[in-house]
Amino acid sequence: MASSLKKNIGFYGLISLGSGGVIGSSWIYTNSQFFKAYGAGGEIFGLMIAAVLAVMVSLSFAELSTIFTKSGGEVVYAYAAFGKKGALFAGWALIGSYLSILAFFVTASSLLISYLFPQISTGPYYTFAGVKVHYLELAIGIGITLFIFIVNYFGARLTGNVQIILFAGLIILGAILVVVGFIKGKPANFLPAFYPQQNSVSSVIRFVLPAMTFLTGWESVAIMAEEANIPKKLIGKVVVFSIIIAAIYYILVLLSSAFIHPWKQTANMDMGTIDAFKTAGFPLLGTFAFIISFLGLATSFLTLFAATPRLILSLARGNMLPAGLAKVHPKYGTPTNALWLVLALVLGIGWLGKGALIYFLDIGGFLIALAWSFNALSLFRIRKRYPTLKAGFRIKHLFFPVIGGLFAFSISAMTVIPGTPISLVWPYEYVVLGIWIILGLVGFLTGNRKKKVSDDFLGRSLQDLKSPVDKKSDH
């Protein structure tokens, strides 16, 4: 059974996977809902805080990705720090957050198509959470999901090349929106950024949770580091640059939509930025915003569908999930069985449809905050246990990743404790979270937990960590 992944991803492919994986689709049309709930300031300033948090946390991923360039990213780091239980905890949190986003994409893709062709939102349907899901919408979403699966199945090189093209389109169209929005718009459309009598502080903090879901995906750089055909020291830089590029993109495009048209009016529209530019007299730019949402969906879909099986592969390599999930295709060098499992899971929960949007965002936000905080803790532990360990990208002081990790943990704790302003929705989201925890325990119990982890899992032996040697080579 093959076990080696091929080094098929170059620098531009990796940074496109990282940044493109963050820039999704729903943010550009759901900002009407978020403007209404939190004010334009609540969404934009909350996104800024989440971006700073993500950058601080990304520093821990950046350093560790240049020490352990093996598929799985945080799974591998957590194992080096805390053993198998820590690795499963980290991996299961990231897998859960990614699956929550992928499941939303199943019907979000058809939602965008229905904007151009409303007839697909007619005919037989079922309802979930009070929202209709038409069978034709679901069928189209399944078809798009299968296409994303096929691209990923045939290798990381194909995935990376497709991602570069899509990401270039995102950057060009986004730049046009930003330039026109700031030149033709005015600050008076954005300020004041909150409703009268609105608690601005709590609105900003409350949006940090879904914002973290919008900002996830850059971890894929570390997760897919084994397949990167670039020097190790560059991998760490790509991790940080990916989140910075994506965060700046989000903030500038959302601000441009708030400048071009009064945000309080946009809050009562259906398609957020898309409708804002059209109503302001720029129908072509409204179409550009629509294309951005579709390109963003495709880039995020591709990246997260590539990263999730690598997490599963890593857990299987470490005997924390059944060994069969570690199989790699002998020709394409992709984690075949793990890809099939992700497809089954995504389609299995994707039928919930648009009515589960808030559930997906909240649970995904909680799990990603948990994963981010745990990775900062892993770096702190590894530094203490192996003080002379060499890294291609090294942070001089642990202050920033530790503070970022503590803040992320605080957000996750407030989310899971009932009765706080940012608590999960009772009982539905707690039930889903409980099911996910049970599935993780079942997977752990069915894995060969007593079998020793091979050196291939870490890319180096634990003895090597205790007596590190600077290998000189970048690869």
# chains A, B, ... in the order shown; residues from 1 in each chain; ligands from 1
$ select_by_dssp --residues "stretch 35-142 of chain A" --states "alpha helix (DSSP H)" --output "VMD selection string"
chain A and resid 35 to 65 74 to 82 84 to 116 135 to 142
$ residues_around --residues "A:Gln163" --least-positions-apart "2" --cutoff "12 Å" --atoms "only C-alpha atoms" --output "JSON, numbers by chain"
{"A": [9, 10, 12, 13, 14, 15, 16, 17, 18, 19, 20, 21, 23, 148, 151, 152, 156, 157, 158, 159, 160, 161, 165, 166, 167, 168, 169, 170, 295, 296, 297, 298, 299, 300, 301, 302, 303, 304, 306]}
$ write_last_selection --atoms "C-alpha atoms" --output "compact mmCIF listing (two decimals), in the first residue's frame"
# COMPACT_ATOMS: atom_id res chain seq x y z
CA ILE A 9 2.86 22.02 -5.25
CA GLY A 10 5.02 25.04 -6.10
CA TYR A 12 2.33 30.10 -6.25
CA GLY A 13 0.19 27.00 -5.95
CA LEU A 14 0.76 26.87 -2.19
CA ILE A 15 0.00 30.54 -1.55
CA SER A 16 -3.08 30.29 -3.80
CA LEU A 17 -4.26 27.29 -1.80
CA GLY A 18 -3.66 29.18 1.46
CA SER A 19 -5.21 32.55 0.60
CA GLY A 20 -7.75 31.16 -1.85
CA GLY A 21 -8.81 28.62 0.75
CA ILE A 23 -11.61 33.65 0.65
CA ILE A 148 -14.29 19.19 -6.73
CA VAL A 151 -10.00 17.48 -9.27
CA ASN A 152 -8.57 16.56 -5.88
CA ALA A 156 -2.17 18.08 -5.84
CA ARG A 157 -0.51 19.53 -8.96
CA LEU A 158 -3.84 19.76 -10.78
CA THR A 159 -5.50 21.20 -7.66
CA GLY A 160 -2.74 23.79 -7.29
CA ASN A 161 -2.79 24.84 -10.96
CA ILE A 165 -6.12 30.54 -12.08
CA LEU A 166 -9.14 30.99 -9.81
CA PHE A 167 -7.17 33.02 -7.25
CA ALA A 168 -5.82 35.37 -9.94
CA GLY A 169 -9.41 36.06 -10.99
CA LEU A 170 -10.35 36.83 -7.38
CA LEU A 295 -14.70 32.03 -7.51
CA GLY A 296 -14.34 32.26 -3.73
CA LEU A 297 -16.60 29.27 -3.28
CA ALA A 298 -14.54 27.29 -5.78
CA THR A 299 -11.17 28.19 -4.19
CA SER A 300 -12.35 27.41 -0.65
CA PHE A 301 -14.08 24.25 -1.79
CA LEU A 302 -10.91 23.03 -3.52
CA THR A 303 -8.57 23.88 -0.66
CA LEU A 304 -10.65 22.48 2.20
CA ALA A 306 -7.77 18.87 -0.30
$ closest_residue --among "A:Ser373, A:Phe82, A:Ile28, A:Met271" --to "A:Ile403" --atoms "only C-alpha atoms"
A:Ser373
$ closest_residue --among "A:Ser220, A:Gly272, A:Phe444, A:Trp372" --to "A:Val22" --atoms "only C-alpha atoms"
A:Ser220
$ closest_residue --among "A:Leu173, A:Lys7, A:Lys233, A:Ser314" --to "A:Lys390" --atoms "only C-alpha atoms"
A:Lys233
$ closest_residue --among "A:Leu53, A:Ala80, A:Ala108, A:Val133" --to "A:Leu406" --atoms "only C-alpha atoms"
A:Leu53
$ residues_around --residues "stretch 185-188 of chain A" --least-positions-apart "2" --cutoff "8 Å" --atoms "only C-alpha atoms" --output "PDB file with all heavy atoms, in the first residue's frame"
ATOM      1  N   VAL A 180     -12.983  51.318  -7.313  1.00  0.00           N
ATOM      2  CA  VAL A 180     -14.206  52.056  -7.631  1.00  0.00           C
ATOM      3  C   VAL A 180     -14.974  52.409  -6.356  1.00  0.00           C
ATOM      4  O   VAL A 180     -15.491  53.529  -6.215  1.00  0.00           O
ATOM      5  CB  VAL A 180     -15.104  51.242  -8.584  1.00  0.00           C
ATOM      6  CG1 VAL A 180     -16.441  51.957  -8.800  1.00  0.00           C
ATOM      7  CG2 VAL A 180     -14.405  51.028  -9.922  1.00  0.00           C
ATOM      8  N   GLY A 181     -15.037  51.474  -5.409  1.00  0.00           N
ATOM      9  CA  GLY A 181     -15.781  51.712  -4.172  1.00  0.00           C
ATOM     10  C   GLY A 181     -15.255  52.897  -3.393  1.00  0.00           C
ATOM     11  O   GLY A 181     -16.034  53.731  -2.901  1.00  0.00           O
ATOM     12  N   PHE A 182     -13.940  53.014  -3.285  1.00  0.00           N
ATOM     13  CA  PHE A 182     -13.360  54.115  -2.511  1.00  0.00           C
ATOM     14  C   PHE A 182     -13.325  55.432  -3.285  1.00  0.00           C
ATOM     15  O   PHE A 182     -13.448  56.506  -2.697  1.00  0.00           O
ATOM     16  CB  PHE A 182     -11.954  53.742  -2.031  1.00  0.00           C
ATOM     17  CG  PHE A 182     -11.954  52.769  -0.891  1.00  0.00           C
ATOM     18  CD1 PHE A 182     -11.325  51.544  -1.006  1.00  0.00           C
ATOM     19  CD2 PHE A 182     -12.597  53.066   0.306  1.00  0.00           C
ATOM     20  CE1 PHE A 182     -11.329  50.636   0.046  1.00  0.00           C
ATOM     21  CE2 PHE A 182     -12.613  52.173   1.363  1.00  0.00           C
ATOM     22  CZ  PHE A 182     -11.978  50.946   1.238  1.00  0.00           C
ATOM     23  N   ILE A 183     -13.168  55.361  -4.610  1.00  0.00           N
ATOM     24  CA  ILE A 183     -13.132  56.590  -5.407  1.00  0.00           C
ATOM     25  C   ILE A 183     -14.539  57.171  -5.592  1.00  0.00           C
ATOM     26  O   ILE A 183     -14.759  58.381  -5.439  1.00  0.00           O
ATOM     27  CB  ILE A 183     -12.467  56.333  -6.773  1.00  0.00           C
ATOM     28  CG1 ILE A 183     -10.973  56.049  -6.596  1.00  0.00           C
ATOM     29  CG2 ILE A 183     -12.656  57.538  -7.707  1.00  0.00           C
ATOM     30  CD1 ILE A 183     -10.252  55.698  -7.886  1.00  0.00           C
ATOM     31  N   PHE A 190     -20.691  54.941   5.298  1.00  0.00           N
ATOM     32  CA  PHE A 190     -20.229  53.960   6.283  1.00  0.00           C
ATOM     33  C   PHE A 190     -20.388  54.445   7.725  1.00  0.00           C
ATOM     34  O   PHE A 190     -20.696  53.663   8.630  1.00  0.00           O
ATOM     35  CB  PHE A 190     -18.760  53.627   5.998  1.00  0.00           C
ATOM     36  CG  PHE A 190     -18.109  52.742   7.022  1.00  0.00           C
ATOM     37  CD1 PHE A 190     -18.618  51.470   7.304  1.00  0.00           C
ATOM     38  CD2 PHE A 190     -16.977  53.161   7.709  1.00  0.00           C
ATOM     39  CE1 PHE A 190     -18.010  50.660   8.253  1.00  0.00           C
ATOM     40  CE2 PHE A 190     -16.362  52.345   8.654  1.00  0.00           C
ATOM     41  CZ  PHE A 190     -16.886  51.103   8.929  1.00  0.00           C
ATOM     42  N   LEU A 191     -20.189  55.733   7.938  1.00  0.00           N
ATOM     43  CA  LEU A 191     -20.234  56.301   9.285  1.00  0.00           C
ATOM     44  C   LEU A 191     -21.547  57.041   9.548  1.00  0.00           C
ATOM     45  O   LEU A 191     -22.028  57.755   8.674  1.00  0.00           O
ATOM     46  CB  LEU A 191     -19.045  57.241   9.485  1.00  0.00           C
ATOM     47  CG  LEU A 191     -17.663  56.607   9.329  1.00  0.00           C
ATOM     48  CD1 LEU A 191     -16.577  57.677   9.348  1.00  0.00           C
ATOM     49  CD2 LEU A 191     -17.421  55.575  10.421  1.00  0.00           C
ATOM     50  N   PRO A 192     -22.138  56.882  10.739  1.00  0.00           N
ATOM     51  CA  PRO A 192     -21.700  55.998  11.832  1.00  0.00           C
ATOM     52  C   PRO A 192     -21.869  54.527  11.455  1.00  0.00           C
ATOM     53  O   PRO A 192     -22.788  54.175  10.722  1.00  0.00           O
ATOM     54  CB  PRO A 192     -22.605  56.388  12.993  1.00  0.00           C
ATOM     55  CG  PRO A 192     -23.836  56.940  12.346  1.00  0.00           C
ATOM     56  CD  PRO A 192     -23.378  57.616  11.080  1.00  0.00           C
ATOM     57  N   SER A 256     -15.389  48.732   0.823  1.00  0.00           N
ATOM     58  CA  SER A 256     -15.771  49.374  -0.444  1.00  0.00           C
ATOM     59  C   SER A 256     -17.274  49.295  -0.662  1.00  0.00           C
ATOM     60  O   SER A 256     -17.885  50.240  -1.173  1.00  0.00           O
ATOM     61  CB  SER A 256     -15.022  48.731  -1.620  1.00  0.00           C
ATOM     62  OG  SER A 256     -15.482  47.412  -1.881  1.00  0.00           O
ATOM     63  N   PHE A 259     -18.825  51.911   1.486  1.00  0.00           N
ATOM     64  CA  PHE A 259     -18.569  53.269   0.988  1.00  0.00           C
ATOM     65  C   PHE A 259     -19.438  53.591  -0.225  1.00  0.00           C
ATOM     66  O   PHE A 259     -19.893  54.721  -0.382  1.00  0.00           O
ATOM     67  CB  PHE A 259     -17.091  53.421   0.607  1.00  0.00           C
ATOM     68  CG  PHE A 259     -16.219  53.923   1.720  1.00  0.00           C
ATOM     69  CD1 PHE A 259     -16.109  53.200   2.914  1.00  0.00           C
ATOM     70  CD2 PHE A 259     -15.508  55.095   1.604  1.00  0.00           C
ATOM     71  CE1 PHE A 259     -15.316  53.647   3.955  1.00  0.00           C
ATOM     72  CE2 PHE A 259     -14.692  55.551   2.635  1.00  0.00           C
ATOM     73  CZ  PHE A 259     -14.597  54.828   3.809  1.00  0.00           C
ATOM     74  N   ILE A 260     -19.663  52.590  -1.086  1.00  0.00           N
ATOM     75  CA  ILE A 260     -20.344  52.847  -2.350  1.00  0.00           C
ATOM     76  C   ILE A 260     -21.846  53.054  -2.167  1.00  0.00           C
ATOM     77  O   ILE A 260     -22.511  53.705  -2.981  1.00  0.00           O
ATOM     78  CB  ILE A 260     -20.082  51.702  -3.355  1.00  0.00           C
ATOM     79  CG1 ILE A 260     -20.356  52.159  -4.799  1.00  0.00           C
ATOM     80  CG2 ILE A 260     -20.940  50.476  -3.029  1.00  0.00           C
ATOM     81  CD1 ILE A 260     -19.368  53.151  -5.331  1.00  0.00           C
ATOM     82  N   HIS A 261     -22.410  52.505  -1.077  1.00  0.00           N
ATOM     83  CA  HIS A 261     -23.865  52.593  -0.843  1.00  0.00           C
ATOM     84  C   HIS A 261     -24.116  52.572   0.661  1.00  0.00           C
ATOM     85  O   HIS A 261     -23.415  51.864   1.392  1.00  0.00           O
ATOM     86  CB  HIS A 261     -24.560  51.397  -1.508  1.00  0.00           C
ATOM     87  CG  HIS A 261     -26.046  51.510  -1.554  1.00  0.00           C
ATOM     88  ND1 HIS A 261     -26.696  52.451  -2.325  1.00  0.00           N
ATOM     89  CD2 HIS A 261     -27.018  50.796  -0.922  1.00  0.00           C
ATOM     90  CE1 HIS A 261     -28.013  52.306  -2.175  1.00  0.00           C
ATOM     91  NE2 HIS A 261     -28.214  51.319  -1.324  1.00  0.00           N
ATOM     92  N   PRO A 262     -25.084  53.343   1.173  1.00  0.00           N
ATOM     93  CA  PRO A 262     -25.355  53.371   2.618  1.00  0.00           C
ATOM     94  C   PRO A 262     -25.584  51.968   3.176  1.00  0.00           C
ATOM     95  O   PRO A 262     -26.453  51.238   2.699  1.00  0.00           O
ATOM     96  CB  PRO A 262     -26.621  54.229   2.729  1.00  0.00           C
ATOM     97  CG  PRO A 262     -26.583  55.113   1.526  1.00  0.00           C
ATOM     98  CD  PRO A 262     -25.969  54.279   0.446  1.00  0.00           C
TER      99      PRO A 262
END
$ select_by_dssp --residues "stretch 70-272 of chain A" --states "strand (DSSP E or B)" --output "PyMOL selection string"
chain A and resi 125-128+131-134+228
